[in-house]
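J.: Here you go, this is upload-v6.cif (mmCIF, C-alpha atoms and all ligand atoms).
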```cif
data_coords
#
loop_
_atom_site.label_atom_id
_atom_site.label_comp_id
_atom_site.auth_asym_id
_atom_site.auth_seq_id
_atom_site.Cartn_x
_atom_site.Cartn_y
_atom_site.Cartn_z
CA MET B 1 -17.52 -2.40 -18.86
CA ALA B 2 -16.85 -2.78 -22.60
CA ALA B 3 -13.26 -2.18 -23.69
CA ASP B 4 -13.87 -3.26 -27.33
CA ARG B 5 -15.14 -0.23 -29.21
CA THR B 6 -13.75 2.36 -31.56
CA GLU B 7 -11.06 4.71 -30.33
CA PRO B 8 -12.63 7.51 -28.29
CA THR B 9 -11.67 11.15 -28.77
CA ILE B 10 -9.77 12.08 -25.65
CA ASP B 11 -9.09 15.53 -24.21
CA PHE B 12 -7.78 15.08 -20.68
CA LEU B 13 -7.85 18.81 -19.99
CA SER B 14 -11.45 19.42 -20.96
CA GLY B 15 -13.77 19.77 -17.99
CA ALA B 16 -16.45 17.96 -20.00
CA PHE B 17 -14.30 14.78 -20.10
CA TRP B 18 -14.36 14.65 -16.29
CA GLY B 19 -17.86 16.08 -15.80
CA ARG B 20 -19.54 13.14 -17.52
CA ASP B 21 -18.56 9.65 -16.35
CA PRO B 22 -15.07 9.18 -17.88
CA HIS B 23 -14.72 5.51 -16.95
CA GLU B 24 -15.74 3.99 -20.25
CA ASP B 25 -13.00 5.97 -22.02
CA LEU B 26 -10.46 5.27 -19.27
CA THR B 27 -11.19 1.53 -19.48
CA TRP B 28 -10.66 1.64 -23.23
CA LEU B 29 -7.36 3.47 -22.74
CA ARG B 30 -6.05 1.00 -20.15
CA ALA B 31 -6.70 -1.81 -22.64
CA HIS B 32 -5.57 -0.18 -25.90
CA SER B 33 -3.46 2.91 -25.23
CA PRO B 34 -2.39 2.92 -21.58
CA VAL B 35 0.19 5.68 -22.12
CA HIS B 36 -1.83 8.03 -24.28
CA TRP B 37 -0.87 11.31 -26.01
CA ASP B 38 -4.02 13.42 -26.52
CA GLY B 39 -2.24 16.12 -28.52
CA ASN B 40 -1.35 18.19 -25.42
CA VAL B 41 -0.41 15.86 -22.59
CA TRP B 42 0.38 12.22 -21.88
CA GLY B 43 -2.26 10.37 -19.87
CA ILE B 44 -1.01 7.55 -17.63
CA THR B 45 -3.91 5.19 -17.04
CA ARG B 46 -2.53 2.01 -15.46
CA TYR B 47 -1.96 1.58 -11.73
CA ASP B 48 1.59 0.22 -12.03
CA ASP B 49 2.64 3.04 -14.35
CA VAL B 50 1.18 5.74 -12.07
CA ARG B 51 3.23 4.33 -9.20
CA GLU B 52 6.35 3.86 -11.33
CA ILE B 53 6.31 7.48 -12.53
CA SER B 54 5.60 8.78 -9.02
CA LYS B 55 8.82 7.07 -7.89
CA GLN B 56 11.03 8.82 -10.47
CA PRO B 57 11.00 12.57 -9.73
CA ASP B 58 14.38 13.02 -11.48
CA LEU B 59 12.67 12.08 -14.79
CA PHE B 60 9.11 13.18 -14.01
CA SER B 61 9.30 16.35 -11.99
CA ASN B 62 6.82 18.33 -9.86
CA ALA B 63 8.77 21.56 -10.31
CA GLY B 64 6.83 22.50 -13.46
CA GLY B 65 3.62 22.55 -11.38
CA ILE B 66 0.85 20.05 -10.70
CA ARG B 67 -1.45 21.58 -13.31
CA PRO B 68 -0.38 21.10 -16.91
CA ASP B 69 -2.01 24.35 -18.02
CA ALA B 70 -0.81 26.66 -15.22
CA GLY B 71 2.72 27.38 -13.98
CA PRO B 72 4.23 26.32 -10.64
CA ILE B 73 3.30 28.01 -7.35
CA PRO B 74 5.91 28.20 -4.56
CA MET B 75 4.36 25.44 -2.44
CA MET B 76 5.84 22.05 -1.59
CA ILE B 77 3.71 20.11 -4.05
CA ASP B 78 5.34 22.10 -6.89
CA MET B 79 8.87 21.26 -5.74
CA ASP B 80 11.25 18.30 -6.02
CA ASP B 81 13.55 16.99 -3.32
CA PRO B 82 15.61 18.14 -1.51
CA GLU B 83 13.72 21.47 -1.43
CA HIS B 84 10.38 19.63 -1.20
CA TRP B 85 11.55 17.40 1.63
CA GLN B 86 12.82 20.38 3.62
CA ARG B 87 9.40 22.05 3.37
CA ARG B 88 7.48 18.86 4.01
CA LYS B 89 9.42 18.18 7.22
CA LEU B 90 8.44 21.60 8.54
CA VAL B 91 4.75 21.40 7.59
CA ASN B 92 4.60 17.79 8.82
CA ARG B 93 5.04 19.17 12.34
CA GLY B 94 1.34 20.02 12.12
CA PHE B 95 0.32 16.54 10.96
CA THR B 96 2.10 14.18 13.34
CA PRO B 97 -0.10 11.37 14.76
CA ARG B 98 0.20 13.12 18.15
CA ARG B 99 -1.49 16.21 16.65
CA VAL B 100 -4.04 14.44 14.42
CA ARG B 101 -5.30 11.73 16.84
CA PRO B 102 -6.73 14.05 19.51
CA SER B 103 -8.78 15.83 16.83
CA GLU B 104 -11.17 12.84 16.77
CA ASP B 105 -13.23 14.33 19.64
CA ARG B 106 -13.39 17.72 17.95
CA ILE B 107 -14.38 16.11 14.61
CA ARG B 108 -17.20 14.22 16.34
CA GLU B 109 -18.39 17.41 17.98
CA VAL B 110 -18.40 19.23 14.61
CA CYS B 111 -20.27 16.32 12.94
CA ASP B 112 -22.89 16.46 15.70
CA GLU B 113 -23.25 20.23 15.26
CA ILE B 114 -23.72 19.71 11.51
CA ILE B 115 -26.41 17.08 12.15
CA ASP B 116 -28.04 19.24 14.86
CA ARG B 117 -28.50 21.99 12.29
CA VAL B 118 -30.56 19.78 9.94
CA CYS B 119 -32.07 16.96 12.03
CA GLU B 120 -35.41 18.65 12.75
CA ARG B 121 -36.01 19.47 9.09
CA GLY B 122 -36.34 15.90 7.83
CA GLU B 123 -34.57 16.78 4.58
CA CYS B 124 -31.45 18.58 3.39
CA ASP B 125 -28.83 18.72 0.68
CA PHE B 126 -26.20 16.13 1.56
CA VAL B 127 -23.45 17.99 -0.36
CA TRP B 128 -23.86 21.48 1.10
CA ASP B 129 -25.47 20.78 4.49
CA ILE B 130 -23.52 17.64 5.50
CA ALA B 131 -20.39 17.02 3.42
CA ALA B 132 -19.07 20.54 2.78
CA PRO B 133 -19.07 22.00 6.31
CA LEU B 134 -16.88 19.34 8.01
CA PRO B 135 -13.59 19.82 6.09
CA LEU B 136 -14.23 23.55 5.89
CA ILE B 137 -14.67 23.92 9.66
CA MET B 138 -11.70 21.66 10.46
CA ILE B 139 -9.34 23.47 8.10
CA GLY B 140 -10.74 26.88 8.98
CA ASP B 141 -10.13 26.24 12.69
CA ALA B 142 -6.64 24.91 11.98
CA LEU B 143 -5.74 28.00 9.98
CA GLY B 144 -7.20 30.41 12.53
CA VAL B 145 -10.24 31.49 10.52
CA ALA B 146 -13.05 32.99 12.62
CA PRO B 147 -16.37 31.07 12.33
CA GLU B 148 -18.09 34.08 10.71
CA ASP B 149 -15.41 34.11 7.97
CA ARG B 150 -15.81 30.45 6.94
CA GLN B 151 -18.11 31.24 4.04
CA THR B 152 -15.52 33.67 2.66
CA LEU B 153 -12.86 30.96 3.08
CA LEU B 154 -15.05 28.58 1.05
CA GLU B 155 -15.39 31.18 -1.70
CA TRP B 156 -11.63 31.82 -1.76
CA SER B 157 -10.87 28.10 -1.86
CA ASP B 158 -13.33 27.55 -4.68
CA GLY B 159 -12.11 30.60 -6.61
CA MET B 160 -8.47 29.55 -6.38
CA LEU B 161 -9.22 25.97 -7.35
CA ARG B 162 -11.08 27.08 -10.45
CA GLY B 163 -8.08 29.28 -11.34
CA LEU B 164 -5.86 26.18 -11.28
CA THR B 165 -7.74 24.63 -14.18
CA GLY B 166 -6.15 27.07 -16.63
CA ASP B 167 -9.53 28.51 -17.65
CA PRO B 168 -8.74 32.18 -18.50
CA ALA B 169 -12.26 33.19 -17.43
CA ALA B 170 -11.55 31.93 -13.91
CA LEU B 171 -8.19 33.68 -13.52
CA GLY B 172 -9.53 37.09 -12.42
CA ALA B 173 -11.60 35.59 -9.61
CA ALA B 174 -8.67 33.37 -8.59
CA THR B 175 -6.32 36.37 -8.34
CA GLU B 176 -8.85 38.22 -6.19
CA ALA B 177 -9.34 35.17 -3.98
CA PHE B 178 -5.56 34.79 -3.59
CA ALA B 179 -5.21 38.47 -2.60
CA GLY B 180 -8.04 38.10 -0.06
CA TYR B 181 -6.51 34.96 1.45
CA THR B 182 -2.99 36.44 1.55
CA GLU B 183 -4.17 39.45 3.53
CA TYR B 184 -6.23 37.34 5.92
CA ALA B 185 -3.46 34.79 6.47
CA GLY B 186 -0.95 37.62 7.00
CA GLN B 187 -2.98 38.85 9.97
CA VAL B 188 -3.33 35.34 11.45
CA ILE B 189 0.41 34.71 11.02
CA ALA B 190 1.27 37.97 12.81
CA ASP B 191 -1.17 37.10 15.64
CA ARG B 192 0.23 33.59 16.09
CA ARG B 193 3.80 34.84 15.99
CA ALA B 194 3.02 37.16 18.89
CA GLU B 195 0.70 34.79 20.73
CA PRO B 196 0.75 31.10 19.78
CA ARG B 197 -2.46 29.09 20.24
CA ASP B 198 -3.22 25.38 19.96
CA ASP B 199 -3.81 25.45 16.20
CA LEU B 200 -2.01 24.36 13.03
CA MET B 201 -1.06 27.89 12.01
CA SER B 202 0.76 28.39 15.34
CA VAL B 203 2.61 25.11 14.80
CA LEU B 204 3.64 26.16 11.29
CA VAL B 205 4.71 29.66 12.39
CA HIS B 206 6.95 28.25 15.12
CA ALA B 207 8.07 25.00 13.44
CA GLU B 208 11.84 24.58 13.25
CA VAL B 209 13.76 21.64 11.77
CA ASP B 210 17.59 21.68 11.67
CA GLY B 211 17.54 25.46 12.25
CA ASP B 212 15.20 26.01 9.29
CA ARG B 213 11.82 27.83 9.52
CA LEU B 214 9.01 28.73 7.14
CA ASP B 215 9.26 32.39 6.11
CA HIS B 216 6.17 34.56 5.66
CA ASP B 217 5.56 33.74 1.96
CA SER B 218 6.07 30.02 2.56
CA LEU B 219 3.56 30.14 5.42
CA VAL B 220 0.98 31.78 3.16
CA HIS B 221 1.53 29.30 0.33
CA GLU B 222 1.73 26.13 2.41
CA SER B 223 -1.38 27.04 4.39
CA LEU B 224 -3.11 27.74 1.09
CA LEU B 225 -2.13 24.27 -0.18
CA ILE B 226 -3.67 22.77 2.96
CA LEU B 227 -6.87 24.74 2.35
CA VAL B 228 -7.19 23.93 -1.35
CA GLY B 229 -5.95 20.34 -0.91
CA GLY B 230 -8.16 19.36 1.98
CA ASP B 231 -11.47 21.11 1.47
CA GLU B 232 -13.21 19.99 -1.74
CA THR B 233 -11.41 16.64 -1.81
CA THR B 234 -12.84 15.43 1.49
CA ARG B 235 -16.27 16.91 0.66
CA HIS B 236 -16.47 14.92 -2.57
CA VAL B 237 -15.54 11.64 -0.88
CA ILE B 238 -18.20 12.15 1.82
CA SER B 239 -20.90 12.85 -0.78
CA GLY B 240 -19.74 10.28 -3.38
CA GLY B 241 -19.28 7.66 -0.65
CA GLY B 242 -22.65 8.56 0.89
CA TRP B 243 -24.34 8.03 -2.47
CA GLN B 244 -22.83 4.53 -2.77
CA LEU B 245 -24.07 3.56 0.69
CA LEU B 246 -27.58 4.90 0.10
CA ALA B 247 -28.05 3.78 -3.50
CA ASP B 248 -27.66 0.17 -2.32
CA ARG B 249 -29.19 0.20 1.13
CA SER B 250 -27.71 -3.19 2.08
CA ARG B 251 -24.33 -1.46 2.40
CA TRP B 252 -25.74 1.18 4.77
CA ASP B 253 -27.51 -1.51 6.82
CA ARG B 254 -24.41 -3.68 7.09
CA LEU B 255 -22.45 -0.71 8.41
CA ALA B 256 -25.24 0.18 10.84
CA THR B 257 -25.11 -3.30 12.39
CA ASP B 258 -21.32 -3.47 12.27
CA PRO B 259 -19.66 -0.01 12.35
CA GLY B 260 -16.32 -1.81 12.75
CA ARG B 261 -16.45 -2.20 8.96
CA LEU B 262 -16.30 1.57 8.44
CA PRO B 263 -12.52 1.94 8.04
CA GLY B 264 -12.68 -0.55 5.13
CA ALA B 265 -15.71 1.22 3.68
CA VAL B 266 -13.83 4.54 3.85
CA GLU B 267 -10.95 3.07 1.82
CA GLU B 268 -13.46 1.90 -0.78
CA MET B 269 -15.04 5.37 -0.90
CA LEU B 270 -11.60 6.88 -1.52
CA ARG B 271 -10.84 4.36 -4.28
CA TRP B 272 -14.25 4.79 -5.87
CA VAL B 273 -14.51 8.59 -5.78
CA SER B 274 -10.81 9.51 -6.33
CA PRO B 275 -11.69 13.23 -6.10
CA ILE B 276 -8.31 14.37 -7.44
CA LYS B 277 -8.65 13.41 -11.09
CA ASN B 278 -4.99 13.85 -11.94
CA MET B 279 -1.68 15.43 -10.98
CA ALA B 280 0.81 16.62 -13.58
CA ARG B 281 4.51 15.86 -13.89
CA THR B 282 6.99 17.45 -16.33
CA VAL B 283 9.40 15.26 -18.34
CA THR B 284 12.91 16.47 -17.46
CA ARG B 285 14.84 14.91 -20.38
CA ASP B 286 14.03 12.97 -23.55
CA VAL B 287 13.09 9.48 -22.47
CA THR B 288 11.27 6.40 -23.74
CA PHE B 289 8.57 5.17 -21.37
CA ARG B 290 6.75 1.90 -22.25
CA ASP B 291 7.94 2.26 -25.86
CA HIS B 292 6.69 5.86 -26.13
CA PRO B 293 9.32 8.52 -26.83
CA MET B 294 8.65 11.50 -24.54
CA GLU B 295 10.33 14.88 -24.97
CA ALA B 296 11.82 17.05 -22.25
CA GLY B 297 9.25 19.66 -21.22
CA GLN B 298 6.20 17.59 -22.12
CA LYS B 299 3.55 17.18 -19.44
CA LEU B 300 2.00 13.97 -18.27
CA LEU B 301 -1.00 13.32 -16.06
CA LEU B 302 -1.22 10.63 -13.41
CA LEU B 303 -4.86 9.54 -13.79
CA TYR B 304 -5.80 8.34 -10.30
CA PRO B 305 -9.46 7.41 -11.04
CA SER B 306 -8.23 5.16 -13.84
CA ALA B 307 -5.48 3.55 -11.77
CA ASN B 308 -8.04 2.88 -9.04
CA ARG B 309 -10.23 0.89 -11.44
CA ASP B 310 -7.36 -1.05 -13.01
CA GLU B 311 -8.63 -4.59 -13.53
CA ALA B 312 -5.05 -5.92 -13.32
CA VAL B 313 -4.93 -4.85 -9.67
CA PHE B 314 -8.48 -4.74 -8.27
CA ASP B 315 -10.88 -7.72 -8.52
CA ASP B 316 -14.15 -6.64 -10.06
CA PRO B 317 -13.05 -2.96 -9.93
CA PHE B 318 -16.46 -1.58 -10.95
CA SER B 319 -18.22 -3.01 -7.95
CA PHE B 320 -18.28 -0.92 -4.77
CA ASP B 321 -17.35 -3.38 -2.03
CA ILE B 322 -17.16 -2.10 1.55
CA ASP B 323 -15.22 -5.25 2.49
CA ARG B 324 -12.65 -5.02 -0.31
CA ALA B 325 -9.26 -6.32 0.84
CA PRO B 326 -6.58 -5.61 -0.09
CA ASN B 327 -7.38 -2.10 -1.24
CA ASP B 328 -4.11 -0.34 -2.04
CA HIS B 329 -5.70 2.53 -3.94
CA VAL B 330 -3.77 5.61 -5.03
CA ALA B 331 -6.43 8.24 -4.25
CA PHE B 332 -3.82 9.96 -2.02
CA GLY B 333 -1.09 9.61 -4.65
CA PHE B 334 2.14 7.68 -4.19
CA GLY B 335 5.79 8.41 -3.44
CA SER B 336 7.35 11.47 -1.87
CA HIS B 337 4.29 13.69 -2.40
CA PHE B 338 1.87 11.18 -0.82
CA CYS B 339 -0.95 13.23 0.72
CA LEU B 340 0.12 14.87 3.95
CA GLY B 341 -3.49 15.17 5.13
CA ASN B 342 -4.44 11.51 4.59
CA SER B 343 -4.85 10.64 8.31
CA LEU B 344 -7.02 13.69 8.91
CA ALA B 345 -9.18 12.99 5.84
CA ARG B 346 -9.63 9.33 6.83
CA LEU B 347 -10.59 10.34 10.35
CA GLU B 348 -13.12 12.92 9.13
CA LEU B 349 -14.71 10.35 6.81
CA ARG B 350 -14.99 7.63 9.44
CA VAL B 351 -16.38 9.86 12.18
CA MET B 352 -18.89 11.57 9.87
CA PHE B 353 -20.38 8.23 8.80
CA GLU B 354 -20.36 6.92 12.39
CA GLN B 355 -22.46 9.90 13.46
CA LEU B 356 -24.77 9.75 10.43
CA LEU B 357 -25.45 6.04 10.95
CA ALA B 358 -26.15 6.61 14.63
CA ARG B 359 -28.23 9.80 14.41
CA LEU B 360 -29.97 9.63 11.00
CA PRO B 361 -30.42 5.85 10.63
CA ASP B 362 -33.21 6.14 8.04
CA LEU B 363 -31.32 8.59 5.82
CA ALA B 364 -32.46 8.05 2.21
CA LEU B 365 -31.93 9.51 -1.25
CA VAL B 366 -34.71 11.72 -2.60
CA ASP B 367 -33.70 11.11 -6.20
CA GLU B 368 -32.74 7.72 -7.66
CA VAL B 369 -30.70 9.32 -10.45
CA GLU B 370 -27.01 9.68 -9.63
CA PRO B 371 -26.01 13.37 -9.25
CA THR B 372 -23.70 14.84 -11.88
CA CYS B 373 -20.18 16.06 -11.17
CA ARG B 374 -18.83 19.54 -11.86
CA ALA B 375 -17.14 19.73 -15.27
CA ALA B 376 -13.62 20.40 -13.95
CA ASN B 377 -10.34 18.81 -14.99
CA PHE B 378 -8.66 18.69 -11.56
CA ILE B 379 -10.94 18.11 -8.56
CA SER B 380 -14.61 17.36 -9.03
CA GLY B 381 -17.58 15.74 -7.36
CA TYR B 382 -21.33 16.05 -6.85
CA GLU B 383 -22.80 19.53 -6.74
CA ALA B 384 -26.10 18.56 -5.06
CA MET B 385 -27.66 15.45 -3.49
CA PRO B 386 -31.07 15.85 -1.79
CA VAL B 387 -31.73 13.43 1.08
CA ARG B 388 -34.56 12.88 3.58
CA PHE B 389 -34.90 11.27 7.02
CA GLY B 390 -37.29 11.07 9.94
CA PRO B 391 -37.02 14.38 11.84
CA SER B 392 -35.35 14.15 15.24
CA ARG B 393 -34.38 16.53 18.02
CA PRO B 394 -30.93 18.12 18.26
CA ARG B 395 -28.77 16.84 21.10
CA ALA B 396 -30.02 17.77 24.55
CA GLY B 397 -29.29 21.32 25.60
CA LEU B 398 -28.53 22.53 22.11
CA SER B 399 -30.63 24.40 19.63
CA SER B 400 -30.33 23.92 15.87
C1 LIG B 501 -10.05 12.74 0.62
C2 LIG B 501 -9.25 13.75 0.78
C3 LIG B 501 -7.93 13.95 0.07
C4 LIG B 501 -7.44 13.39 -1.08
C5 LIG B 501 -8.12 12.37 -2.00
C6 LIG B 501 -6.11 13.94 -1.29
C7 LIG B 501 -5.28 13.59 -2.36
C8 LIG B 501 -3.99 14.06 -2.52
C9 LIG B 501 -3.13 13.72 -3.63
C10 LIG B 501 -3.51 12.82 -4.81
C11 LIG B 501 -1.95 14.36 -3.44
C12 LIG B 501 -0.74 14.37 -4.37
C13 LIG B 501 0.10 13.13 -4.28
C14 LIG B 501 1.13 13.05 -5.36
O1 LIG B 501 1.29 13.98 -6.20
O2 LIG B 501 1.80 12.01 -5.38
C15 LIG B 501 -2.05 15.11 -2.21
C16 LIG B 501 -1.05 15.90 -1.69
C17 LIG B 501 -1.23 16.72 -0.59
N1 LIG B 501 -2.35 16.80 0.22
FE1 LIG B 501 -4.05 15.74 0.03
N2 LIG B 501 -5.83 14.79 -0.27
C18 LIG B 501 -6.90 14.84 0.59
C19 LIG B 501 -7.03 15.55 1.77
C20 LIG B 501 -6.07 16.39 2.25
C21 LIG B 501 -6.18 17.13 3.49
C22 LIG B 501 -7.35 17.04 4.47
C23 LIG B 501 -5.06 17.90 3.59
C24 LIG B 501 -4.64 18.85 4.66
C25 LIG B 501 -5.39 19.23 5.66
C26 LIG B 501 -4.22 17.60 2.43
C27 LIG B 501 -2.99 18.16 2.18
C28 LIG B 501 -2.12 17.76 1.17
C29 LIG B 501 -0.79 18.30 1.00
C30 LIG B 501 -0.12 19.37 1.86
C31 LIG B 501 -0.22 17.65 -0.11
C32 LIG B 501 1.17 17.87 -0.71
C33 LIG B 501 2.15 16.87 -0.18
C34 LIG B 501 3.53 17.00 -0.82
O3 LIG B 501 3.69 17.66 -1.85
O4 LIG B 501 4.48 16.44 -0.24
N3 LIG B 501 -4.87 16.70 1.64
N4 LIG B 501 -3.31 14.91 -1.66
#
```
Represent the structure of the file as structure tokens.
Ligand code: HEM
T.:
Amino acid sequence: MAADRTEPTIDFLSGAFWGRDPHEDLTWLRAHSPVHWDGNVWGITRYDDVREISKQPDLFSNAGGIRPDAGPIPMMIDMDDPEHWQRRKLVNRGFTPRRVRPSEDRIREVCDEIIDRVCERGECDFVWDIAAPLPLIMIGDALGVAPEDRQTLLEWSDGMLRGLTGDPAALGAATEAFAGYTEYAGQVIADRRAEPRDDLMSVLVHAEVDGDRLDHDSLVHESLLILVGGDETTRHVISGGGWQLLADRSRWDRLATDPGRLPGAVEEMLRWVSPIKNMARTVTRDVTFRDHPMEAGQKLLLLYPSANRDEAVFDDPFSFDIDRAPNDHVAFGFGSHFCLGNSLARLELRVMFEQLLARLPDLALVDEVEPTCRAANFISGYEAMPVRFGPSRPRAGLSS
């Protein structure tokens, strides 16, 4: 990738910057302007700097919100310690290894149901028929959403996410989606308070650490963060990772003969796709960082896709290597806000590809041209990816 070219015009907040492949510009920035002011925000492009800033919340705070063009929301990701830590401890009750590990069987069952629904057709859209349903069903079940309401949940999640990009046109729909979710969650919270079940919402409603509990508003906001944080992100890694395996069939074949390589391949999918394009921090006092004077109140963006292609850290960073080791990517962030759902997301990714390799072994791309990503400045990925395969029967005893 050429780093020697004239200075590109950068606008980190424009959806268009992220919708087309931004890597040529990001490579140029890492080489020539690694801490870059685009007129609105600072962009942090190098791996070491992303980690360094993530370790200094007193200087680079989350309390101004994770989006540079929208204010904070009362959820843990928009808080600094000790308030953040207090919240995180409570929500973490729902994400302990003891709670996440047993979900492997349920994830496999859901993957099989997803494949059952398409296997007789011989073709489908990988994004909407395969990748999207898994995180949606897992999070929907965890939050107590009835199966017939999952589509509405998807619309709310999408509406709220678009509202977080600061686009005024998206704000009305986001407010409506938030109102819809708040009412729905309110009912689930009341139900679980009265009658706990074996789901995440029940754990959150009844979680207590050092005498502290999540009140009603915190339950609504933290469950919303789980929905928005875990739905599209995982979908985009399944579809972006799937493309990489199918575009160069030798990768798919190697995994088919040796599925033990899948955990490594999943890490490479996370590094490669980096579905969260950036998280914002707010400068808390005037400071000079890498010779750049920054003013209190200015926003900076931790550019994860750039950090994950940093040639100072990753050998041959533009090659997708299922055997890459080490692979200390920052797709899940770094520091005290490191993704709470990382074990669940990794499990969903591994099990989905295990089932696809086993049940649709001849899965192939219909189109050789790489799909485009949605033009969004926060979370984005493929919007469609047609695939085909030899038709097969659903599992015995089940109908599609
Ligand atoms: C491939 C999928 C995912 C990716 C790439 C991802 C990425 C991230 C990133 C970059 C952060 C912020 C880290 C920081 O600011 O330092 C984060 C935080 C978070 N994620 Fe994820 N995430 C994924 C899946 C999930 C899932 C499945 C859930 C829940 C079910 C989840 C829940 C959260 C929560 C609650 C936080 C806030 C943690 C805090 O503020 O302490 N994420 N995630």
J.: Determine the nearest neighbour of ligand LIG 501 (chain B) from the options B:Asn377, B:Thr152, B:Ser336, B:Ser33, counting only C-alpha atoms and all ligand atoms.
T.: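 Smallest distance to ligand LIG 501 (chain B) is found for B:Ser336.
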J.: Quick one: residues within 6 Å of ligand LIG 501 (chain B), with all atoms listed in the file, as a ChimeraX atom specification?
T.: /B:76-77,88,225-226,229-230,233-234,237,274-276,279,331-342,344-345
J.: With only C-alpha atoms as the counted atoms, please give the residues lying no more than 10 Å from Gly297 in chain B, apart from itself and same-chain residues fewer than 3 positions off, as a PyMOL selection string.
T.: chain B and resi 60-61+64+281-286+294+300
J.: Dump as JSON, numbers by chain all residues having an atom at most 12 Å from (-7.6, 37.0, 5.0), computed in the file's coordinates with all atoms listed in the file.
T.: {"B": [140, 143, 144, 145, 146, 149, 150, 152, 153, 154, 155, 156, 157, 176, 177, 178, 179, 180, 181, 182, 183, 184, 185, 186, 187, 188, 189, 190, 220, 223, 224]}
J.: With distances taken over only C-alpha atoms, which of B:Leu302, B:Val287, B:Leu365, B:Leu347 is nearest to Leu59 in chain B?
T.: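 With only C-alpha atoms as the atom set, the closest residue is B:Val287.
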J.: Just how far from CA of Ala375 in chain B is CA of Val35 in chain B, in Å to one decimal?
T.: 23.3 Å
J.: Nearest residue to Arg197 in chain B out of B:Cys124, B:Leu262, B:Leu219, B:Ala142, using only C-alpha atoms?
T.: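 Closest to Arg197 in chain B, using only C-alpha atoms: B:Ala142.
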J.: Please return, as a PyMOL selection string, all polymer residues that have at least one atom within 12 Å of the point (-2.1, 0.6, -0.9); use all atoms listed in the file and the file's own coordinate frame.
T.: chain B and resi 47-48+51+267-268+270-271+307-308+313-314+324-335+338
J.: Once N, CA and C atoms are restored for range 40-53 of chain B, what would the output be as a PDB file, keeping the file's coordinate frame?
T.:
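Once written, part30.pdb looks like this:
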```
ATOM      1  N   ASN B  40      -1.892  17.176 -26.350  1.00  0.00           N
ATOM      2  CA  ASN B  40      -1.350  18.190 -25.420  1.00  0.00           C
ATOM      3  C   ASN B  40      -0.530  17.575 -24.305  1.00  0.00           C
ATOM      4  N   VAL B  41      -1.057  16.490 -23.756  1.00  0.00           N
ATOM      5  CA  VAL B  41      -0.410  15.860 -22.590  1.00  0.00           C
ATOM      6  C   VAL B  41      -0.456  14.336 -22.728  1.00  0.00           C
ATOM      7  N   TRP B  42       0.429  13.674 -21.985  1.00  0.00           N
ATOM      8  CA  TRP B  42       0.380  12.220 -21.880  1.00  0.00           C
ATOM      9  C   TRP B  42      -0.559  11.850 -20.727  1.00  0.00           C
ATOM     10  N   GLY B  43      -1.407  10.866 -20.946  1.00  0.00           N
ATOM     11  CA  GLY B  43      -2.260  10.370 -19.870  1.00  0.00           C
ATOM     12  C   GLY B  43      -1.773   8.993 -19.452  1.00  0.00           C
ATOM     13  N   ILE B  44      -1.511   8.826 -18.154  1.00  0.00           N
ATOM     14  CA  ILE B  44      -1.010   7.550 -17.630  1.00  0.00           C
ATOM     15  C   ILE B  44      -2.170   6.861 -16.933  1.00  0.00           C
ATOM     16  N   THR B  45      -2.633   5.760 -17.494  1.00  0.00           N
ATOM     17  CA  THR B  45      -3.910   5.190 -17.040  1.00  0.00           C
ATOM     18  C   THR B  45      -3.763   3.969 -16.136  1.00  0.00           C
ATOM     19  N   ARG B  46      -2.615   3.258 -16.236  1.00  0.00           N
ATOM     20  CA  ARG B  46      -2.530   2.010 -15.460  1.00  0.00           C
ATOM     21  C   ARG B  46      -1.911   2.261 -14.082  1.00  0.00           C
ATOM     22  N   TYR B  47      -2.387   1.478 -13.137  1.00  0.00           N
ATOM     23  CA  TYR B  47      -1.960   1.580 -11.730  1.00  0.00           C
ATOM     24  C   TYR B  47      -0.432   1.477 -11.601  1.00  0.00           C
ATOM     25  N   ASP B  48       0.151   0.427 -12.205  1.00  0.00           N
ATOM     26  CA  ASP B  48       1.590   0.220 -12.030  1.00  0.00           C
ATOM     27  C   ASP B  48       2.384   1.378 -12.612  1.00  0.00           C
ATOM     28  N   ASP B  49       1.905   1.935 -13.730  1.00  0.00           N
ATOM     29  CA  ASP B  49       2.640   3.040 -14.350  1.00  0.00           C
ATOM     30  C   ASP B  49       2.525   4.323 -13.525  1.00  0.00           C
ATOM     31  N   VAL B  50       1.346   4.559 -12.932  1.00  0.00           N
ATOM     32  CA  VAL B  50       1.180   5.740 -12.070  1.00  0.00           C
ATOM     33  C   VAL B  50       2.179   5.653 -10.911  1.00  0.00           C
ATOM     34  N   ARG B  51       2.300   4.458 -10.332  1.00  0.00           N
ATOM     35  CA  ARG B  51       3.230   4.330  -9.200  1.00  0.00           C
ATOM     36  C   ARG B  51       4.680   4.435  -9.668  1.00  0.00           C
ATOM     37  N   GLU B  52       4.978   3.834 -10.810  1.00  0.00           N
ATOM     38  CA  GLU B  52       6.350   3.860 -11.330  1.00  0.00           C
ATOM     39  C   GLU B  52       6.812   5.309 -11.568  1.00  0.00           C
ATOM     40  N   ILE B  53       5.951   6.089 -12.215  1.00  0.00           N
ATOM     41  CA  ILE B  53       6.310   7.480 -12.530  1.00  0.00           C
ATOM     42  C   ILE B  53       6.430   8.305 -11.249  1.00  0.00           C
TER      43      ILE B  53
END
```
